[in-house]
$ cat run-v2.cif   # mmCIF, C-alpha atoms
data_final
#
loop_
_atom_site.group_PDB
_atom_site.id
_atom_site.type_symbol
_atom_site.label_atom_id
_atom_site.label_comp_id
_atom_site.auth_asym_id
_atom_site.auth_seq_id
_atom_site.Cartn_x
_atom_site.Cartn_y
_atom_site.Cartn_z
ATOM 1 C CA MET N 397 -44.718 -42.911 -27.701
ATOM 2 C CA ILE N 398 -43.483 -39.305 -27.696
ATOM 3 C CA LEU N 399 -39.807 -38.488 -28.030
ATOM 4 C CA VAL N 400 -38.082 -35.129 -27.926
ATOM 5 C CA ILE N 401 -34.847 -34.343 -29.752
ATOM 6 C CA THR N 402 -32.607 -31.630 -28.334
ATOM 7 C CA PRO N 403 -31.730 -28.613 -30.468
ATOM 8 C CA GLU N 404 -28.203 -28.783 -31.897
ATOM 9 C CA LEU N 405 -27.053 -25.832 -29.798
ATOM 10 C CA ILE N 406 -27.657 -25.476 -26.077
ATOM 11 C CA VAL N 407 -30.603 -23.189 -25.298
ATOM 12 C CA PRO N 408 -31.129 -21.290 -22.010
ATOM 13 C CA ASN N 409 -32.701 -23.454 -19.267
ATOM 14 C CA GLU N 410 -32.750 -26.436 -21.620
ATOM 15 C CA THR N 411 -32.046 -29.077 -18.980
ATOM 16 C CA ASP N 412 -34.684 -27.541 -16.664
ATOM 17 C CA PHE N 413 -37.260 -27.977 -19.432
ATOM 18 C CA ILE N 414 -36.000 -31.517 -20.082
ATOM 19 C CA ASN N 415 -36.388 -32.532 -16.438
ATOM 20 C CA GLN N 416 -39.902 -31.022 -16.387
ATOM 21 C CA MET N 417 -40.872 -32.855 -19.603
ATOM 22 C CA PHE N 418 -39.713 -36.136 -18.110
ATOM 23 C CA GLN N 419 -41.844 -35.412 -15.035
ATOM 24 C CA GLU N 420 -44.785 -34.837 -17.400
ATOM 25 C CA GLY N 421 -44.333 -38.232 -19.067
ATOM 26 C CA LEU N 422 -41.731 -37.772 -21.801
ATOM 27 C CA ASP N 423 -40.789 -41.261 -23.036
ATOM 28 C CA LEU N 424 -37.303 -40.652 -24.451
ATOM 29 C CA LEU N 425 -34.940 -37.737 -25.005
ATOM 30 C CA HIS N 426 -32.511 -37.843 -27.919
ATOM 31 C CA ILE N 427 -29.400 -35.798 -27.116
ATOM 32 C CA ARG N 428 -28.336 -34.569 -30.521
ATOM 33 C CA LYS N 429 -25.652 -31.922 -30.064
ATOM 34 C CA PRO N 430 -23.129 -32.440 -32.872
ATOM 35 C CA TRP N 431 -21.145 -29.293 -32.146
ATOM 36 C CA ILE N 432 -20.457 -29.561 -28.422
ATOM 37 C CA SER N 433 -17.275 -30.892 -26.853
ATOM 38 C CA ARG N 434 -17.088 -34.028 -24.748
ATOM 39 C CA ASN N 435 -16.766 -31.916 -21.575
ATOM 40 C CA GLU N 436 -19.795 -29.819 -22.548
ATOM 41 C CA MET N 437 -21.709 -33.059 -23.109
ATOM 42 C CA ILE N 438 -20.734 -34.338 -19.648
ATOM 43 C CA GLU N 439 -21.832 -31.006 -18.150
ATOM 44 C CA PHE N 440 -25.141 -31.217 -20.065
ATOM 45 C CA ILE N 441 -25.937 -34.775 -18.958
ATOM 46 C CA THR N 442 -25.126 -34.074 -15.299
ATOM 47 C CA GLN N 443 -27.810 -31.348 -15.306
ATOM 48 C CA ILE N 444 -30.449 -33.962 -16.149
ATOM 49 C CA ASP N 445 -31.939 -35.819 -13.187
ATOM 50 C CA GLU N 446 -30.169 -39.166 -12.810
ATOM 51 C CA SER N 447 -33.479 -41.011 -12.535
ATOM 52 C CA PHE N 448 -34.050 -40.240 -16.256
ATOM 53 C CA TYR N 449 -30.712 -41.578 -17.564
ATOM 54 C CA THR N 450 -32.369 -44.800 -18.749
ATOM 55 C CA GLN N 451 -34.525 -42.626 -21.038
ATOM 56 C CA LEU N 452 -31.641 -40.740 -22.642
ATOM 57 C CA VAL N 453 -30.424 -41.571 -26.142
ATOM 58 C CA LEU N 454 -26.919 -40.502 -27.209
ATOM 59 C CA HIS N 455 -26.144 -39.428 -30.794
ATOM 60 C CA THR N 456 -22.440 -38.790 -30.103
ATOM 61 C CA TYR N 457 -19.839 -39.574 -27.426
ATOM 62 C CA TYR N 458 -21.211 -43.094 -27.118
ATOM 63 C CA ASP N 459 -18.469 -43.943 -24.617
ATOM 64 C CA LEU N 460 -20.263 -41.755 -22.059
ATOM 65 C CA GLY N 461 -22.939 -44.436 -21.904
ATOM 66 C CA LYS N 462 -20.838 -46.453 -19.477
ATOM 67 C CA GLU N 463 -20.093 -43.433 -17.309
ATOM 68 C CA PHE N 464 -23.760 -42.451 -16.996
ATOM 69 C CA THR N 465 -25.466 -45.868 -17.298
ATOM 70 C CA ILE N 466 -27.036 -44.803 -20.601
ATOM 71 C CA SER N 467 -27.770 -47.800 -22.805
ATOM 72 C CA ARG N 468 -29.597 -46.169 -25.723
ATOM 73 C CA PHE N 469 -27.709 -45.034 -28.807
ATOM 74 C CA HIS N 470 -28.811 -43.506 -32.098
ATOM 75 C CA PHE N 471 -26.938 -44.032 -35.360
ATOM 76 C CA ARG N 472 -27.327 -41.975 -38.511
ATOM 77 C CA GLU N 473 -27.816 -43.503 -41.932
ATOM 78 C CA ILE N 474 -24.101 -43.119 -42.703
ATOM 79 C CA ASP N 475 -23.144 -44.850 -39.426
ATOM 80 C CA ARG N 476 -25.420 -47.730 -40.394
ATOM 81 C CA GLN N 477 -23.622 -48.156 -43.705
ATOM 82 C CA GLU N 478 -20.262 -48.179 -41.941
ATOM 83 C CA GLU N 479 -21.653 -50.746 -39.464
ATOM 84 C CA MET N 480 -20.144 -48.891 -36.512
ATOM 85 C CA TYR N 481 -23.252 -49.724 -34.475
ATOM 86 C CA LYS N 482 -22.533 -53.475 -34.457
ATOM 87 C CA SER N 483 -20.513 -53.402 -31.230
ATOM 88 C CA PHE N 484 -23.402 -51.610 -29.464
ATOM 89 C CA ALA N 485 -26.262 -53.760 -30.715
ATOM 90 C CA LYS N 486 -25.720 -56.703 -28.360
ATOM 91 C CA GLU N 487 -26.174 -55.153 -24.895
ATOM 92 C CA ASN N 488 -27.860 -51.857 -25.717
ATOM 93 C CA THR N 489 -30.938 -50.429 -27.396
ATOM 94 C CA ILE N 490 -30.174 -48.880 -30.770
ATOM 95 C CA SER N 491 -32.176 -46.658 -33.094
ATOM 96 C CA THR N 492 -31.536 -45.083 -36.477
ATOM 97 C CA SER N 493 -32.936 -42.655 -39.076
ATOM 98 C CA VAL N 494 -34.361 -43.266 -42.548
ATOM 99 C CA HIS N 495 -35.820 -40.975 -45.189
ATOM 100 C CA ASP N 496 -37.973 -43.419 -47.148
ATOM 101 C CA ILE N 497 -40.166 -46.411 -46.417
ATOM 102 C CA LYS N 498 -38.171 -48.816 -48.627
ATOM 103 C CA THR N 499 -35.090 -48.362 -46.434
ATOM 104 C CA TYR N 500 -37.200 -48.713 -43.289
ATOM 105 C CA ASN N 501 -38.676 -51.982 -44.553
ATOM 106 C CA THR N 502 -35.176 -53.472 -44.920
ATOM 107 C CA LEU N 503 -33.993 -52.676 -41.368
ATOM 108 C CA GLU N 504 -32.994 -55.712 -39.302
ATOM 109 C CA LYS N 505 -34.654 -56.423 -35.970
ATOM 110 C CA GLU N 506 -31.617 -55.271 -33.945
ATOM 111 C CA TRP N 507 -33.041 -51.732 -34.317
ATOM 112 C CA GLU N 508 -35.698 -50.865 -31.730
ATOM 113 C CA TYR N 509 -37.101 -48.009 -33.814
ATOM 114 C CA ALA N 510 -36.297 -45.707 -36.701
ATOM 115 C CA PHE N 511 -37.110 -42.047 -37.261
ATOM 116 C CA ILE N 512 -38.668 -41.437 -40.643
ATOM 117 C CA SER N 513 -38.582 -37.861 -41.888
ATOM 118 C CA PRO N 514 -39.773 -35.414 -42.954
ATOM 119 C CA PHE N 515 -43.349 -36.344 -42.006
ATOM 120 C CA PHE N 516 -44.569 -32.736 -42.365
ATOM 121 C CA PRO N 517 -42.567 -29.734 -43.605
ATOM 122 C CA SER N 518 -39.888 -28.999 -41.004
ATOM 123 C CA ILE N 519 -40.367 -26.289 -38.384
ATOM 124 C CA SER N 520 -36.672 -25.834 -37.579
ATOM 125 C CA LYS N 521 -35.251 -26.273 -41.112
ATOM 126 C CA LYS N 522 -37.251 -23.784 -43.189
ATOM 127 C CA GLY N 523 -38.307 -25.174 -46.567
ATOM 128 C CA TYR N 524 -37.240 -28.748 -45.765
ATOM 129 C CA GLY N 525 -39.846 -31.410 -46.478
ATOM 130 C CA LEU N 526 -42.276 -29.240 -48.453
ATOM 131 C CA ASN N 527 -42.647 -31.948 -51.108
ATOM 132 C CA SER N 528 -42.274 -34.931 -48.804
ATOM 133 C CA THR N 529 -44.417 -37.989 -49.502
ATOM 134 C CA ILE N 530 -43.543 -39.795 -46.253
ATOM 135 C CA LYS N 531 -47.078 -39.420 -44.892
ATOM 136 C CA GLU N 532 -48.433 -41.356 -47.891
ATOM 137 C CA GLU N 533 -45.494 -43.797 -48.073
ATOM 138 C CA ILE N 534 -46.080 -44.924 -44.506
ATOM 139 C CA LYS N 535 -48.989 -47.057 -45.740
ATOM 140 C CA HIS N 536 -46.426 -49.327 -47.401
ATOM 141 C CA GLN N 537 -44.538 -50.223 -44.244
ATOM 142 C CA ASN N 538 -44.090 -53.954 -43.713
ATOM 143 C CA ASN N 539 -41.434 -54.249 -41.044
ATOM 144 C CA PRO N 540 -42.994 -55.802 -37.931
ATOM 145 C CA ASP N 541 -39.674 -55.812 -36.027
ATOM 146 C CA VAL N 542 -38.807 -52.103 -35.955
ATOM 147 C CA LYS N 543 -41.029 -49.340 -34.571
ATOM 148 C CA LEU N 544 -41.577 -46.355 -36.857
ATOM 149 C CA ILE N 545 -41.288 -42.877 -35.314
ATOM 150 C CA ALA N 546 -42.461 -39.889 -37.375
ATOM 151 C CA LEU N 547 -40.217 -36.816 -37.322
ATOM 152 C CA GLY N 548 -40.466 -33.412 -38.944
ATOM 153 C CA GLY N 549 -42.930 -30.563 -38.571
ATOM 154 C CA ILE N 550 -44.963 -32.205 -35.804
ATOM 155 C CA HIS N 551 -46.815 -29.928 -33.356
ATOM 156 C CA GLN N 552 -49.939 -29.996 -31.193
ATOM 157 C CA ASP N 553 -52.300 -29.261 -34.107
ATOM 158 C CA ASN N 554 -51.135 -32.118 -36.353
ATOM 159 C CA ILE N 555 -49.725 -34.768 -33.971
ATOM 160 C CA HIS N 556 -53.045 -36.652 -34.111
ATOM 161 C CA GLU N 557 -52.359 -37.298 -37.833
ATOM 162 C CA VAL N 558 -49.158 -39.113 -36.864
ATOM 163 C CA PHE N 559 -51.073 -41.469 -34.589
ATOM 164 C CA ASP N 560 -53.881 -41.846 -37.159
ATOM 165 C CA SER N 561 -51.251 -43.043 -39.646
ATOM 166 C CA ASP N 562 -49.397 -46.285 -38.970
ATOM 167 C CA ALA N 563 -46.573 -44.620 -37.032
ATOM 168 C CA ASP N 564 -45.687 -45.984 -33.584
ATOM 169 C CA GLY N 565 -44.672 -42.610 -32.210
ATOM 170 C CA ALA N 566 -43.764 -38.998 -32.815
ATOM 171 C CA ALA N 567 -40.496 -37.132 -32.322
ATOM 172 C CA LEU N 568 -40.705 -33.435 -31.477
ATOM 173 C CA LEU N 569 -37.961 -30.918 -32.175
ATOM 174 C CA GLY N 570 -38.841 -27.522 -33.691
ATOM 175 C CA ALA N 571 -42.286 -27.286 -32.063
ATOM 176 C CA ILE N 572 -40.674 -27.583 -28.634
ATOM 177 C CA TRP N 573 -37.460 -25.607 -28.954
ATOM 178 C CA GLU N 574 -38.660 -22.785 -31.205
ATOM 179 C CA SER N 575 -41.432 -22.052 -28.714
ATOM 180 C CA GLU N 576 -41.338 -19.491 -25.918
ATOM 181 C CA GLU N 577 -42.887 -22.178 -23.693
ATOM 182 C CA PRO N 578 -41.394 -25.593 -24.498
ATOM 183 C CA LEU N 579 -43.069 -27.343 -21.557
ATOM 184 C CA LYS N 580 -46.530 -26.073 -22.481
ATOM 185 C CA VAL N 581 -46.094 -27.287 -26.081
ATOM 186 C CA PHE N 582 -44.925 -30.697 -24.874
ATOM 187 C CA LYS N 583 -47.917 -31.038 -22.535
ATOM 188 C CA LYS N 584 -50.345 -30.089 -25.332
ATOM 189 C CA CYS N 585 -48.827 -32.720 -27.630
ATOM 190 C CA ARG N 586 -48.929 -35.309 -24.873
ATOM 191 C CA ASN N 587 -52.568 -34.465 -24.080
ATOM 192 C CA VAL N 588 -53.525 -35.136 -27.702
ATOM 193 C CA LEU N 589 -51.969 -38.584 -27.377
ATOM 194 C CA MET N 590 -53.683 -39.266 -24.046
ATOM 195 C CA SER N 591 -57.154 -38.189 -25.222
#
$ encode --input "run-v2.cif" --output "structure tokens"
Amino acid sequence: MILVITPELIVPNETDFINQMFQEGLDLLHIRKPWISRNEMIEFITQIDESFYTQLVLHTYYDLGKEFTISRFHFREIDRQEEMYKSFAKENTISTSVHDIKTYNTLEKEWEYAFISPFFPSISKKGYGLNSTIKEEIKHQNNPDVKLIALGGIHQDNIHEVFDSDADGAALLGAIWESEEPLKVFKKCRNVLMS
């Protein structure tokens, strides 16, 4: 499974690239735009082809799910502690983020998957994850109910390591959006998975 996370700020032609990635087999898109207004979010979603709405995951403005028939929601670690996800868990698909394998192993089965990061040193956050041990820790996963998605520093030259480890998928962020050719990078990553 390959997921893409949007950059925090809107980039030129972003929704065009998103629609093209979906056409090329993108599994899920996480819309993570913490700084945009509700109206900007509505504008952003309407530029994505409606046929892909079932593959969108909201990180904010969860109420827009009803408006756009989006039933996937992502909750941060802090949201998990405040249990604000509980009202969504029944009829929707929910995901979350963790930063160590111990926390991942304790997640209840209401979560479809969890991002674990940083898998490699981050591309978009310079210096983040340089001393990360996630790649080694992953061997100690023992949660059969929740899929584990690697995040952080993943690109076409190392994505095979994610799938050689016990991860169920990879989330791409910096490799895609810091590239001059986001679609080409996505296709290369996807080809590694397909081969």
$ residues_around --input "run-v2.cif" --residues "region 483-494 of chain N" --least-positions-apart "2" --cutoff "6 Å" --atoms "only C-alpha atoms" --output "count of residues only"
15
$ closest_residue --input "run-v2.cif" --among "N:Ile545, N:Leu454, N:Ile550, N:Val588" --to "Ala571 (chain N)" --atoms "all atoms listed in the file"
N:Ile550
$ closest_residue --input "run-v2.cif" --among "N:Gly421, N:Glu506, N:Trp573, N:Asp459" --to "Ile406 (chain N)" --atoms "all atoms listed in the file"
N:Trp573
$ residues_around --input "run-v2.cif" --residues "Val400 (chain N)" --least-positions-apart "6" --cutoff "7 Å" --atoms "only C-alpha atoms" --output "CSV table (one decimal) with C-alpha atoms, keeping the file's coordinate frame"
chain,number,residue,atom,x,y,z
N,424,LEU,CA,-37.3,-40.7,-24.5
N,425,LEU,CA,-34.9,-37.7,-25.0
N,426,HIS,CA,-32.5,-37.8,-27.9
N,567,ALA,CA,-40.5,-37.1,-32.3
N,568,LEU,CA,-40.7,-33.4,-31.5
N,569,LEU,CA,-38.0,-30.9,-32.2
$ residues_around --input "run-v2.cif" --residues "Met590 (chain N)" --least-positions-apart "4" --cutoff "12 Å" --atoms "only C-alpha atoms" --output "number ranges by chain"
N: 397-398, 420-421, 555-556, 559, 583-586
$ residues_around --input "run-v2.cif" --residues "region 441-444 of chain N" --least-positions-apart "5" --cutoff "10 Å" --atoms "all atoms listed in the file" --output "ChimeraX atom specification"
/N:410-416,418,427,435-436,449,452,460,464
$ closest_residue --input "run-v2.cif" --among "N:Glu479, N:Asp541, N:Glu504, N:Gly549" --to "Gly523 (chain N)" --atoms "only C-alpha atoms"
N:Gly549
$ closest_residue --input "run-v2.cif" --among "N:Glu463, N:Glu557, N:Arg434, N:Gln419" --to "Ser447 (chain N)" --atoms "all atoms listed in the file"
N:Gln419
$ atom_distance --input "run-v2.cif" --atom1 "CA of Phe448 (chain N)" --atom2 "CA of Asn409 (chain N)"
17.1 Å
$ closest_residue --input "run-v2.cif" --among "N:Thr499, N:Asp564, N:Asn527, N:Lys505" --to "Leu399 (chain N)" --atoms "all atoms listed in the file"
N:Asp564
$ residues_near_point --input "run-v2.cif" --point "(-40.4, -32.0, -37.1)" --cutoff "9 Å" --atoms "all atoms listed in the file" --output "list in words"
Ser513, Pro514, Phe515, Phe516, Pro517, Ser518, Ile519, Ser520, Lys521, Ala546, Leu547, Gly548, Gly549, Ile550, His551, Ala566, Ala567, Leu568, Leu569, Gly570 and Ala571 of chain N
$ resolve_selection --input "run-v2.cif" --expression "the PyMOL selection byres ((chain N and resi 428) around 7)" --output "VMD selection string"
chain N and resid 401 to 404 426 to 427 429 to 430 454 to 455
$ atom_distance --input "run-v2.cif" --atom1 "CA of Thr502 (chain N)" --atom2 "CA of Val558 (chain N)"
21.6 Å
$ resolve_selection --input "run-v2.cif" --expression "the PyMOL selection byres ((chain N and resi 536) around 10)" --output "list in words"
Ile497, Lys498, Asn501, Glu532, Glu533, Ile534, Lys535, Gln537, Asn538, Asn539 and Asp562 of chain N
$ write_last_selection --input "run-v2.cif" --atoms "C-alpha atoms" --output "compact mmCIF listing (two decimals), in the coordinates of the input"
# COMPACT_ATOMS: atom_id res chain seq x y z
CA ILE N 497 -40.17 -46.41 -46.42
CA LYS N 498 -38.17 -48.82 -48.63
CA ASN N 501 -38.68 -51.98 -44.55
CA GLU N 532 -48.43 -41.36 -47.89
CA GLU N 533 -45.49 -43.80 -48.07
CA ILE N 534 -46.08 -44.92 -44.51
CA LYS N 535 -48.99 -47.06 -45.74
CA GLN N 537 -44.54 -50.22 -44.24
CA ASN N 538 -44.09 -53.95 -43.71
CA ASN N 539 -41.43 -54.25 -41.04
CA ASP N 562 -49.40 -46.28 -38.97
$ atom_distance --input "run-v2.cif" --atom1 "CA of Ile530 (chain N)" --atom2 "CA of Asp560 (chain N)"
13.9 Å
$ closest_residue --input "run-v2.cif" --among "N:Asn587, N:Leu579, N:Glu574, N:Ser528" --to "Asp553 (chain N)" --atoms "all atoms listed in the file"
N:Asn587
$ axis_aligned_box --input "run-v2.cif" --around "region 422-427 of chain N" --padding-each-side "6 Å" --output "AutoDock Vina command-line options"
--center_x -35.6 --center_y -38.5 --center_z -24.9 --size_x 24.3 --size_y 17.5 --size_z 18.1
$ decode --input "run-v2.cif" --residues "region 406-476 of chain N" --atoms "C-alpha atoms" --output "JSON list (two decimals), in the first residue's frame"
[["chain", "number", "residue", "atom", "x", "y", "z"],
["N", 406, "ILE", "CA", -0.77, 24.41, -1.01],
["N", 407, "VAL", "CA", 1.71, 24.00, -3.87],
["N", 408, "PRO", "CA", 1.09, 25.04, -7.51],
["N", 409, "ASN", "CA", -0.90, 22.43, -9.49],
["N", 410, "GLU", "CA", -1.13, 20.23, -6.40],
["N", 411, "THR", "CA", -4.61, 18.88, -7.10],
["N", 412, "ASP", "CA", -3.66, 18.16, -10.74],
["N", 413, "PHE", "CA", -0.78, 16.01, -9.49],
["N", 414, "ILE", "CA", -3.10, 14.35, -6.95],
["N", 415, "ASN", "CA", -5.65, 13.41, -9.61],
["N", 416, "GLN", "CA", -2.85, 12.03, -11.82],
["N", 417, "MET", "CA", -1.39, 9.99, -8.92],
["N", 418, "PHE", "CA", -4.80, 8.48, -8.24],
["N", 419, "GLN", "CA", -5.05, 7.55, -11.93],
["N", 420, "GLU", "CA", -1.64, 5.87, -11.58],
["N", 421, "GLY", "CA", -2.80, 3.74, -8.65],
["N", 422, "LEU", "CA", -2.35, 5.85, -5.51],
["N", 423, "ASP", "CA", -4.10, 3.99, -2.67],
["N", 424, "LEU", "CA", -4.87, 6.85, -0.26],
["N", 425, "LEU", "CA", -4.22, 10.57, 0.01],
["N", 426, "HIS", "CA", -3.89, 12.15, 3.45],
["N", 427, "ILE", "CA", -4.97, 15.80, 3.33],
["N", 428, "ARG", "CA", -2.82, 17.38, 6.00],
["N", 429, "LYS", "CA", -3.12, 21.15, 5.72],
["N", 430, "PRO", "CA", -3.14, 22.50, 9.28],
["N", 431, "TRP", "CA", -2.92, 26.15, 8.27],
["N", 432, "ILE", "CA", -5.71, 26.50, 5.72],
["N", 433, "SER", "CA", -9.20, 27.79, 6.42],
["N", 434, "ARG", "CA", -12.34, 25.71, 6.13],
["N", 435, "ASN", "CA", -13.25, 27.49, 2.87],
["N", 436, "GLU", "CA", -9.78, 26.86, 1.44],
["N", 437, "MET", "CA", -10.19, 23.20, 2.39],
["N", 438, "ILE", "CA", -13.55, 23.02, 0.59],
["N", 439, "GLU", "CA", -11.96, 24.65, -2.47],
["N", 440, "PHE", "CA", -9.05, 22.16, -2.31],
["N", 441, "ILE", "CA", -11.28, 19.07, -2.07],
["N", 442, "THR", "CA", -13.55, 20.20, -4.92],
["N", 443, "GLN", "CA", -10.50, 20.27, -7.22],
["N", 444, "ILE", "CA", -9.98, 16.54, -6.63],
["N", 445, "ASP", "CA", -11.97, 14.22, -8.88],
["N", 446, "GLU", "CA", -15.09, 13.07, -7.01],
["N", 447, "SER", "CA", -14.43, 9.44, -7.92],
["N", 448, "PHE", "CA", -11.42, 9.53, -5.53],
["N", 449, "TYR", "CA", -13.26, 10.89, -2.46],
["N", 450, "THR", "CA", -13.43, 7.42, -0.91],
["N", 451, "GLN", "CA", -9.61, 7.43, -0.94],
["N", 452, "LEU", "CA", -9.20, 10.77, 0.83],
["N", 453, "VAL", "CA", -8.24, 10.98, 4.49],
["N", 454, "LEU", "CA", -8.97, 14.18, 6.44],
["N", 455, "HIS", "CA", -6.63, 15.43, 9.20],
["N", 456, "THR", "CA", -8.78, 18.49, 10.01],
["N", 457, "TYR", "CA", -12.30, 19.79, 9.35],
["N", 458, "TYR", "CA", -13.70, 16.31, 9.96],
["N", 459, "ASP", "CA", -17.23, 17.66, 9.53],
["N", 460, "LEU", "CA", -16.53, 18.01, 5.79],
["N", 461, "GLY", "CA", -16.63, 14.22, 5.60],
["N", 462, "LYS", "CA", -20.42, 14.29, 5.43],
["N", 463, "GLU", "CA", -20.45, 17.00, 2.78],
["N", 464, "PHE", "CA", -18.02, 15.14, 0.51],
["N", 465, "THR", "CA", -18.80, 11.50, 1.41],
["N", 466, "ILE", "CA", -15.32, 11.12, 2.91],
["N", 467, "SER", "CA", -15.26, 8.43, 5.59],
["N", 468, "ARG", "CA", -11.55, 8.27, 6.43],
["N", 469, "PHE", "CA", -10.11, 10.36, 9.25],
["N", 470, "HIS", "CA", -6.64, 10.63, 10.75],
["N", 471, "PHE", "CA", -6.02, 11.52, 14.39],
["N", 472, "ARG", "CA", -2.74, 12.67, 15.88],
["N", 473, "GLU", "CA", -1.25, 11.19, 19.02],
["N", 474, "ILE", "CA", -2.66, 14.05, 21.11],
["N", 475, "ASP", "CA", -6.16, 13.53, 19.64],
["N", 476, "ARG", "CA", -5.91, 9.87, 20.60]]
